[in-house]
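Undergrad: My questions will all concern the structure given below.
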Amino acid sequence: MEAIKKKITAKQILNWLLCFIIIGIITIVCNFIGYDTGIVDAIPGIIILIALGTVGMILGAVFPKIPGTLWVVIIAMLSGAPIFPFSDAVIMYTNKIELSAIVPAILAYAGVAIGRDWKSFKRLGWRAVIIGCIAMLGTFFFSGLIAEIGLRLF
Amino acid sequence: MNDNNVKEENIVVNENEKEMEPTELWKDWKLHIAMFVCAVVAQKIGIINIPIGPVSLMLMPLIYAMVFGLALYLIKPIKFISTKQSEESSPLLMLAVMFLCVKMGVTMIPGLASIMSASAILVIQNIGNLGTIFLALPVAILLGCKREAVGLSFALSREPGIAIITDKYGAKSKEFQGVMACYIVGTIFGPVFFGMIPGLFVDFGWFSPEATAMAVGCGSTAMMTSGLTVLIAKFPELESQLTGFAMISNVISGLLAFYLSLFLALPITEKCYALLTRRKAVKAEKGEK
């Protein structure tokens with residue numbers, strides 16, 4: 001029982017925090033380059049994102065039944081909801097960080113992470129690539145079609 | 001309450017354990033500096049807009065960032081990014097996604113009302129996952145795939161899909177080869193694909209931005225992010241709503257994907273496979289149980 005449970009230690013929390021800070025730094029610089037938001041202006045927003053993200057990670061580890069991403073979204077939405085006393089500040093400061101400024105960091109790590117799959121990818125051959133792309137197209141197209149019809153009807 | 005007790009015990013127990021998930025990811029400063037450079041250079045290049053007639057293909061910085069990261073791993077002379085760093089990158093990637101989720105959670109608040117009113121559609125559009133079968137399976141069979149076609153085309157295979165196929169057919173089966181192939185193609189081409197195709201659907205006026213946002217949520221987080229950034233670049237005034245639709249759709253499909261694949265997609269794929277290959281009796285039964 002206990003072995004299944006995800007364990008958290010102070011060391012791990014520190015690790016999350018420091019990783020978030022690294023990602024935060026990359027984000028701030030991307031934000032500055034892409035959207036001209038001053039680095040100092042962006043710092044409070046980044047601190048909020050780091051804090052909420054760390055809380056989300058801890059909750060995700062303590063209550064693993066609910067995926068971490070869902071925890072993070074719930075916490076973020078609560079802290080920006082009017083019932084939370086500092087919600088205005090949370091929204092104001094996080095608005096200074098553009099969504100698209102966070103993304104390059106994510107995909108850069110993703111690029112390194114998928115490097116391991118590259119060998120098996122090269123062995124796949126063109127058929128798998130074509131079918132894989134059609135599989136993506138199929139899901140995208142039919143999901144979009146249902147959503148489009150649904151949105152038009154209601 | 002119970003959880004708290006367990007947690008405290010665990011902290012004591014784990015003080016001298018070493019084999020748990022890596023806790024010193026932040027120390028690999030060479031990797032982080034390299035990633036910093038990748039992201040910043042990508043951002044510096046910015047959005048490249050390629051007009052093709054009435055539509056425009058938008059290349060987002062995230063695509064270059066991914067290509068740079070992959071290139072760093074593949075270029076042999078660069079020793080400080082190898083298998084170890086690649087393994088470290090997976091949890092780091094997850095943390096970075098968390099970071100993004102916080103931002104998305106706050107961003108979608110103003111659009112919450114319209115998201116709530118569309119909640120039924122957000123759930124129902126997940127059935128679109130089944131569309132994969134009708135498009136990909138015939139092509140797979142036409143191209144001469146045998147049993148691997150089932151794994152390749154039963155769903156937009158992410159982790160739950162692999163789990164299902166492994167459980168049903170085993171890790172040495174043809175079906176497993178297929179599902180892994182689809183997974184790898186999705187991982188590598190997914191962000192590129194979702195960075196290009198959904199934008200075209202909107203430009204042509206086939207899908208509204210809202211419907212497209214829901215549809216880009218159907219795959220992995222990287223796919224969603226890629227599609228969403230393009231949509232936001234095209235419709236900055238709808239940022240909150242689009243973020244909400246994509247994010248919620250992604251969460252819902254994450255929750256539903258397993259059951260949808262297991263109870264609907266896979267049996268349907270088996271039926272279609274049997275029908276298309278005209279080897280009905282034997283194969284259909286195998287698909288049932």
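We name chains A, B, ... following the order of the structure tokens; residues begin at 1 in each chain, and ligands are numbered from 1 as shown.
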Please report as JSON lines every residue of chain B lying within 6 Å of chain A, along with the nearest atom pair and their distance in Å (one decimal), using only C-alpha atoms.
TA:
```
{"residue": "B:Ile11", "atom": "CA", "partner": "A:Thr9", "partner_atom": "CA", "distance": 5.4}
{"residue": "B:Thr23", "atom": "CA", "partner": "A:Gln12", "partner_atom": "CA", "distance": 5.1}
{"residue": "B:Trp26", "atom": "CA", "partner": "A:Cys19", "partner_atom": "CA", "distance": 5.3}
{"residue": "B:Met35", "atom": "CA", "partner": "A:Ala108", "partner_atom": "CA", "distance": 5.8}
{"residue": "B:Phe36", "atom": "CA", "partner": "A:Ile26", "partner_atom": "CA", "distance": 5.5}
{"residue": "B:Ala39", "atom": "CA", "partner": "A:Pro104", "partner_atom": "CA", "distance": 4.9}
{"residue": "B:Val40", "atom": "CA", "partner": "A:Cys30", "partner_atom": "CA", "distance": 5.6}
{"residue": "B:Gln43", "atom": "CA", "partner": "A:Cys30", "partner_atom": "CA", "distance": 5.9}
{"residue": "B:Leu62", "atom": "CA", "partner": "A:Pro104", "partner_atom": "CA", "distance": 4.4}
{"residue": "B:Ala65", "atom": "CA", "partner": "A:Ala108", "partner_atom": "CA", "distance": 4.7}
{"residue": "B:Met66", "atom": "CA", "partner": "A:Gly111", "partner_atom": "CA", "distance": 4.3}
{"residue": "B:Gly69", "atom": "CA", "partner": "A:Gly111", "partner_atom": "CA", "distance": 4.3}
{"residue": "B:Leu70", "atom": "CA", "partner": "A:Gly111", "partner_atom": "CA", "distance": 4.3}
{"residue": "B:Tyr73", "atom": "CA", "partner": "A:Val112", "partner_atom": "CA", "distance": 5.7}
{"residue": "B:Ser86", "atom": "CA", "partner": "A:Ala113", "partner_atom": "CA", "distance": 4.5}
{"residue": "B:Ser89", "atom": "CA", "partner": "A:Ala113", "partner_atom": "CA", "distance": 5.2}
{"residue": "B:Ser90", "atom": "CA", "partner": "A:Ala113", "partner_atom": "CA", "distance": 5.6}
{"residue": "B:Leu93", "atom": "CA", "partner": "A:Tyr109", "partner_atom": "CA", "distance": 5.6}
{"residue": "B:Ala96", "atom": "CA", "partner": "A:Ile106", "partner_atom": "CA", "distance": 5.5}
{"residue": "B:Met98", "atom": "CA", "partner": "A:Thr69", "partner_atom": "CA", "distance": 5.9}
{"residue": "B:Phe99", "atom": "CA", "partner": "A:Gly53", "partner_atom": "CA", "distance": 5.7}
{"residue": "B:Cys101", "atom": "CA", "partner": "A:Val73", "partner_atom": "CA", "distance": 5.8}
{"residue": "B:Val102", "atom": "CA", "partner": "A:Ala76", "partner_atom": "CA", "distance": 5.3}
{"residue": "B:Gly105", "atom": "CA", "partner": "A:Val73", "partner_atom": "CA", "distance": 4.7}
{"residue": "B:Val106", "atom": "CA", "partner": "A:Ala76", "partner_atom": "CA", "distance": 5.3}
{"residue": "B:Ile121", "atom": "CA", "partner": "A:Gly150", "partner_atom": "CA", "distance": 5.9}
{"residue": "B:Gln125", "atom": "CA", "partner": "A:Ser143", "partner_atom": "CA", "distance": 4.9}
{"residue": "B:Gly128", "atom": "CA", "partner": "A:Ser143", "partner_atom": "CA", "distance": 3.9}
{"residue": "B:Asn129", "atom": "CA", "partner": "A:Thr139", "partner_atom": "CA", "distance": 4.6}
{"residue": "B:Gly131", "atom": "CA", "partner": "A:Gly138", "partner_atom": "CA", "distance": 5.1}
{"residue": "B:Thr132", "atom": "CA", "partner": "A:Gly138", "partner_atom": "CA", "distance": 4.1}
{"residue": "B:Leu135", "atom": "CA", "partner": "A:Gly138", "partner_atom": "CA", "distance": 5.8}
{"residue": "B:Ala136", "atom": "CA", "partner": "A:Ala135", "partner_atom": "CA", "distance": 5.3}
{"residue": "B:Ser153", "atom": "CA", "partner": "A:Ala135", "partner_atom": "CA", "distance": 6.0}
{"residue": "B:Leu156", "atom": "CA", "partner": "A:Ala135", "partner_atom": "CA", "distance": 5.8}
{"residue": "B:Cys182", "atom": "CA", "partner": "A:Gly132", "partner_atom": "CA", "distance": 4.9}
{"residue": "B:Val185", "atom": "CA", "partner": "A:Gly132", "partner_atom": "CA", "distance": 5.8}
{"residue": "B:Ala211", "atom": "CA", "partner": "A:Ala147", "partner_atom": "CA", "distance": 5.0}
{"residue": "B:Thr212", "atom": "CA", "partner": "A:Gly144", "partner_atom": "CA", "distance": 5.5}
{"residue": "B:Ala215", "atom": "CA", "partner": "A:Gly144", "partner_atom": "CA", "distance": 4.7}
```
Undergrad: So which residues touch Ala163 in chain B within 12 Å, counting only C-alpha atoms, skipping near sequence neighbours fewer than 4 positions away, as a PyMOL selection string?
TA: chain B and resi 151+157-159+167-171+175-176+179-180+183+257-259+261-262
Undergrad: Would you save the residues from that selection as a PDB file, in the first residue's frame, using C-alpha atoms?
TA:
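New file result.pdb:
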```pdb
ATOM      1  CA  GLY B 151      -2.499  -0.413 -32.969  1.00  0.00           C
ATOM      2  CA  SER B 157      -2.298   6.859 -29.179  1.00  0.00           C
ATOM      3  CA  ARG B 158      -0.962   8.430 -26.055  1.00  0.00           C
ATOM      4  CA  GLU B 159       0.020   6.632 -22.860  1.00  0.00           C
ATOM      5  CA  ASP B 167      -2.647  -5.390 -21.756  1.00  0.00           C
ATOM      6  CA  LYS B 168      -4.723  -6.921 -24.532  1.00  0.00           C
ATOM      7  CA  TYR B 169      -2.148  -8.142 -27.004  1.00  0.00           C
ATOM      8  CA  GLY B 170       1.124  -8.130 -25.102  1.00  0.00           C
ATOM      9  CA  ALA B 171       4.314  -6.178 -25.616  1.00  0.00           C
ATOM     10  CA  GLU B 175      -0.518  -4.420 -32.446  1.00  0.00           C
ATOM     11  CA  PHE B 176       1.991  -3.156 -29.904  1.00  0.00           C
ATOM     12  CA  VAL B 179       0.642   1.605 -31.182  1.00  0.00           C
ATOM     13  CA  MET B 180       4.242   2.483 -30.382  1.00  0.00           C
ATOM     14  CA  TYR B 183       2.927   7.172 -30.245  1.00  0.00           C
ATOM     15  CA  ALA B 257      -9.358   8.550 -23.271  1.00  0.00           C
ATOM     16  CA  PHE B 258      -8.724   5.305 -21.447  1.00  0.00           C
ATOM     17  CA  TYR B 259     -12.352   4.228 -21.235  1.00  0.00           C
ATOM     18  CA  SER B 261     -10.334   3.586 -26.211  1.00  0.00           C
ATOM     19  CA  LEU B 262     -10.972   0.419 -24.263  1.00  0.00           C
TER      20      LEU B 262
END
```
Undergrad: Could you find all residues in range 133-280 of chain B that DSSP calls helix (DSSP H, G or I) from the backbone, and write them as a ChimeraX atom specification?
TA: /B:133-142,148-153,159-169,174-203,209-216,221-234,236-277,280
Undergrad: Excluding Asn49 in chain B and residues on its chain fewer than 6 positions from it, collect all residues at most 7 Å away from it, counting only C-alpha atoms, and give them as a list in words.
TA: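 Using only C-alpha atoms, the neighbours found are Ser56, Leu57, Met58 and Leu59 of chain B.
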Undergrad: Keeping only all heavy atoms, write those residues as a PDB file, in the first residue's frame.
TA:
```pdb
ATOM      1  N   SER B  56      -2.722  31.358 -44.131  1.00  0.00           N
ATOM      2  CA  SER B  56      -1.327  31.572 -43.774  1.00  0.00           C
ATOM      3  C   SER B  56      -0.886  30.507 -42.793  1.00  0.00           C
ATOM      4  O   SER B  56      -1.604  30.149 -41.870  1.00  0.00           O
ATOM      5  CB  SER B  56      -1.135  32.962 -43.181  1.00  0.00           C
ATOM      6  OG  SER B  56      -1.826  33.056 -41.965  1.00  0.00           O
ATOM      7  N   LEU B  57       0.299  29.997 -43.065  1.00  0.00           N
ATOM      8  CA  LEU B  57       0.890  28.992 -42.190  1.00  0.00           C
ATOM      9  C   LEU B  57       1.723  29.750 -41.162  1.00  0.00           C
ATOM     10  O   LEU B  57       2.595  30.522 -41.524  1.00  0.00           O
ATOM     11  CB  LEU B  57       1.774  28.080 -43.036  1.00  0.00           C
ATOM     12  CG  LEU B  57       1.907  26.639 -42.611  1.00  0.00           C
ATOM     13  CD1 LEU B  57       0.543  25.986 -42.502  1.00  0.00           C
ATOM     14  CD2 LEU B  57       2.773  25.902 -43.601  1.00  0.00           C
ATOM     15  N   MET B  58       1.431  29.543 -39.895  1.00  0.00           N
ATOM     16  CA  MET B  58       2.183  30.247 -38.863  1.00  0.00           C
ATOM     17  C   MET B  58       3.176  29.306 -38.214  1.00  0.00           C
ATOM     18  O   MET B  58       2.785  28.288 -37.651  1.00  0.00           O
ATOM     19  CB  MET B  58       1.236  30.765 -37.787  1.00  0.00           C
ATOM     20  CG  MET B  58       0.695  32.138 -38.052  1.00  0.00           C
ATOM     21  SD  MET B  58      -0.290  32.615 -36.629  1.00  0.00           S
ATOM     22  CE  MET B  58      -0.444  34.356 -36.938  1.00  0.00           C
ATOM     23  N   LEU B  59       4.447  29.619 -38.307  1.00  0.00           N
ATOM     24  CA  LEU B  59       5.443  28.816 -37.613  1.00  0.00           C
ATOM     25  C   LEU B  59       5.743  29.497 -36.290  1.00  0.00           C
ATOM     26  O   LEU B  59       6.205  30.633 -36.255  1.00  0.00           O
ATOM     27  CB  LEU B  59       6.712  28.694 -38.454  1.00  0.00           C
ATOM     28  CG  LEU B  59       6.571  27.893 -39.742  1.00  0.00           C
ATOM     29  CD1 LEU B  59       7.910  27.820 -40.467  1.00  0.00           C
ATOM     30  CD2 LEU B  59       6.054  26.492 -39.467  1.00  0.00           C
TER      31      LEU B  59
END
```
Undergrad: Within 8 Å of Gly219 in chain B, counting only C-alpha atoms, which residues show up once you throw out same-chain ones fewer than 2 positions away? Write them as a list in words, please.
TA: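 Those residues are Leu156, Arg158, Val216, Gly217, Thr221, Met223, Met224, Asn250 and Ser253 of chain B.
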Undergrad: Go ahead and compute the interatomic distance for CA of Leu242 in chain B and CA of Val123 in chain B, in Å to one decimal.
TA: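 Separation between CA of Leu242 in chain B and CA of Val123 in chain B: 15.8 Å.
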Undergrad: Using CA of His32 in chain B and CA of Gly38 in chain A as the two end points, give the distance in Å to one decimal.
TA: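 Distance between the two atoms: 22.2 Å.
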Undergrad: DSSP on the backbone: what in range 20-263 of chain B comes out strand (DSSP E or B), as a list in words?
TA: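 Put together, the selection reads Ile48, Asn49, Ile50, Pro51, Ile52, Val55, Ser56, Leu57, Met58 and Leu59 of chain B.
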Undergrad: Given the selection you just returned, output its residues as a file containing C-alpha atoms, formatted as a PDB file, in the first residue's frame.
TA:
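Here's the written file result_32.pdb:
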```pdb
ATOM      1  CA  ILE B  48       7.156  33.277 -39.229  1.00  0.00           C
ATOM      2  CA  ASN B  49       4.070  33.839 -41.283  1.00  0.00           C
ATOM      3  CA  ILE B  50       3.944  32.022 -44.602  1.00  0.00           C
ATOM      4  CA  PRO B  51       0.967  33.198 -46.667  1.00  0.00           C
ATOM      5  CA  ILE B  52      -0.370  30.554 -49.038  1.00  0.00           C
ATOM      6  CA  VAL B  55      -4.505  31.161 -45.717  1.00  0.00           C
ATOM      7  CA  SER B  56      -1.327  31.572 -43.774  1.00  0.00           C
ATOM      8  CA  LEU B  57       0.890  28.992 -42.190  1.00  0.00           C
ATOM      9  CA  MET B  58       2.183  30.247 -38.863  1.00  0.00           C
ATOM     10  CA  LEU B  59       5.443  28.816 -37.613  1.00  0.00           C
TER      11      LEU B  59
END
```
Undergrad: I'd like the contact shell of Phe245 in chain B - 8 Å cut-off, only C-alpha atoms, skipping same-chain residues fewer than 3 positions apart - returned as a PyMOL selection string.
TA: chain B and resi 115+122+210+213-214+217+241-242+248-249
Undergrad: Emit the selected residues as an mmCIF file, in the first residue's frame, including N, CA and C atoms.
TA:
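Wrote it out as out26.cif, contents follow:
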```cif
data_model
loop_
_atom_site.group_PDB
_atom_site.id
_atom_site.type_symbol
_atom_site.label_atom_id
_atom_site.label_comp_id
_atom_site.auth_asym_id
_atom_site.auth_seq_id
_atom_site.Cartn_x
_atom_site.Cartn_y
_atom_site.Cartn_z
ATOM 1 N N ILE B 115 -17.333 28.898 -21.108
ATOM 2 C CA ILE B 115 -16.847 27.511 -21.047
ATOM 3 C C ILE B 115 -17.901 26.630 -20.377
ATOM 4 N N LEU B 122 -18.038 20.079 -24.718
ATOM 5 C CA LEU B 122 -16.655 19.725 -24.385
ATOM 6 C C LEU B 122 -16.512 18.234 -24.091
ATOM 7 N N GLU B 210 -13.343 28.678 -31.641
ATOM 8 C CA GLU B 210 -13.721 27.979 -30.403
ATOM 9 C C GLU B 210 -13.726 26.462 -30.609
ATOM 10 N N ALA B 213 -10.251 25.219 -30.880
ATOM 11 C CA ALA B 213 -9.580 25.149 -29.579
ATOM 12 C C ALA B 213 -9.941 23.857 -28.856
ATOM 13 N N MET B 214 -11.226 23.486 -28.919
ATOM 14 C CA MET B 214 -11.633 22.227 -28.290
ATOM 15 C C MET B 214 -10.929 21.053 -28.961
ATOM 16 N N GLY B 217 -7.400 20.189 -28.097
ATOM 17 C CA GLY B 217 -7.221 19.617 -26.762
ATOM 18 C C GLY B 217 -7.237 18.103 -26.754
ATOM 19 N N GLN B 241 -11.094 32.580 -23.564
ATOM 20 C CA GLN B 241 -12.010 31.503 -23.959
ATOM 21 C C GLN B 241 -11.283 30.340 -24.615
ATOM 22 N N LEU B 242 -10.428 30.684 -25.583
ATOM 23 C CA LEU B 242 -9.736 29.630 -26.323
ATOM 24 C C LEU B 242 -8.870 28.798 -25.391
ATOM 25 N N ILE B 248 -9.612 22.637 -20.914
ATOM 26 C CA ILE B 248 -10.646 21.754 -20.353
ATOM 27 C C ILE B 248 -10.812 20.528 -21.248
ATOM 28 N N SER B 249 -10.804 20.766 -22.547
ATOM 29 C CA SER B 249 -10.918 19.642 -23.479
ATOM 30 C C SER B 249 -9.782 18.653 -23.260
#
```
Undergrad: If we count only C-alpha atoms and set the cut-off at 7 Å, which residues sit around Pro198 in chain B, ignoring sequence neighbours fewer than 4 positions away in its own chain? Please answer as an MDAnalysis selection string.
TA: chainID B and resid 194 202 212 227
Undergrad: If you keep all heavy atoms, can you produce a file of those selected residues as a JSON list (two decimals), in the first residue's frame?
TA:
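Final output, saved to part-v6.json:
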```
[["chain", "number", "residue", "atom", "x", "y", "z"],
["B", 194, "PHE", "N", 0.01, 19.98, -35.11],
["B", 194, "PHE", "CA", -1.01, 20.84, -34.49],
["B", 194, "PHE", "C", -0.64, 22.33, -34.60],
["B", 194, "PHE", "O", -1.48, 23.19, -34.38],
["B", 194, "PHE", "CB", -1.25, 20.44, -33.04],
["B", 194, "PHE", "CG", -2.19, 19.28, -32.92],
["B", 194, "PHE", "CD1", -1.74, 17.98, -33.01],
["B", 194, "PHE", "CD2", -3.54, 19.49, -32.75],
["B", 194, "PHE", "CE1", -2.61, 16.90, -32.94],
["B", 194, "PHE", "CE2", -4.43, 18.43, -32.68],
["B", 194, "PHE", "CZ", -3.96, 17.13, -32.77],
["B", 202, "VAL", "N", -9.18, 26.98, -39.53],
["B", 202, "VAL", "CA", -9.80, 28.25, -39.13],
["B", 202, "VAL", "C", -9.73, 29.24, -40.28],
["B", 202, "VAL", "O", -10.71, 29.92, -40.59],
["B", 202, "VAL", "CB", -9.10, 28.83, -37.89],
["B", 202, "VAL", "CG1", -9.77, 30.13, -37.47],
["B", 202, "VAL", "CG2", -9.15, 27.84, -36.74],
["B", 212, "THR", "N", -12.15, 24.83, -32.85],
["B", 212, "THR", "CA", -10.78, 24.40, -33.09],
["B", 212, "THR", "C", -10.01, 24.27, -31.78],
["B", 212, "THR", "O", -9.25, 23.32, -31.59],
["B", 212, "THR", "CB", -10.05, 25.40, -34.01],
["B", 212, "THR", "OG1", -10.94, 25.73, -35.08],
["B", 212, "THR", "CG2", -8.79, 24.82, -34.57],
["B", 227, "GLY", "N", -1.14, 23.94, -30.87],
["B", 227, "GLY", "CA", -2.32, 24.43, -31.58],
["B", 227, "GLY", "C", -2.87, 25.70, -30.96],
["B", 227, "GLY", "O", -3.27, 26.63, -31.65]]
```
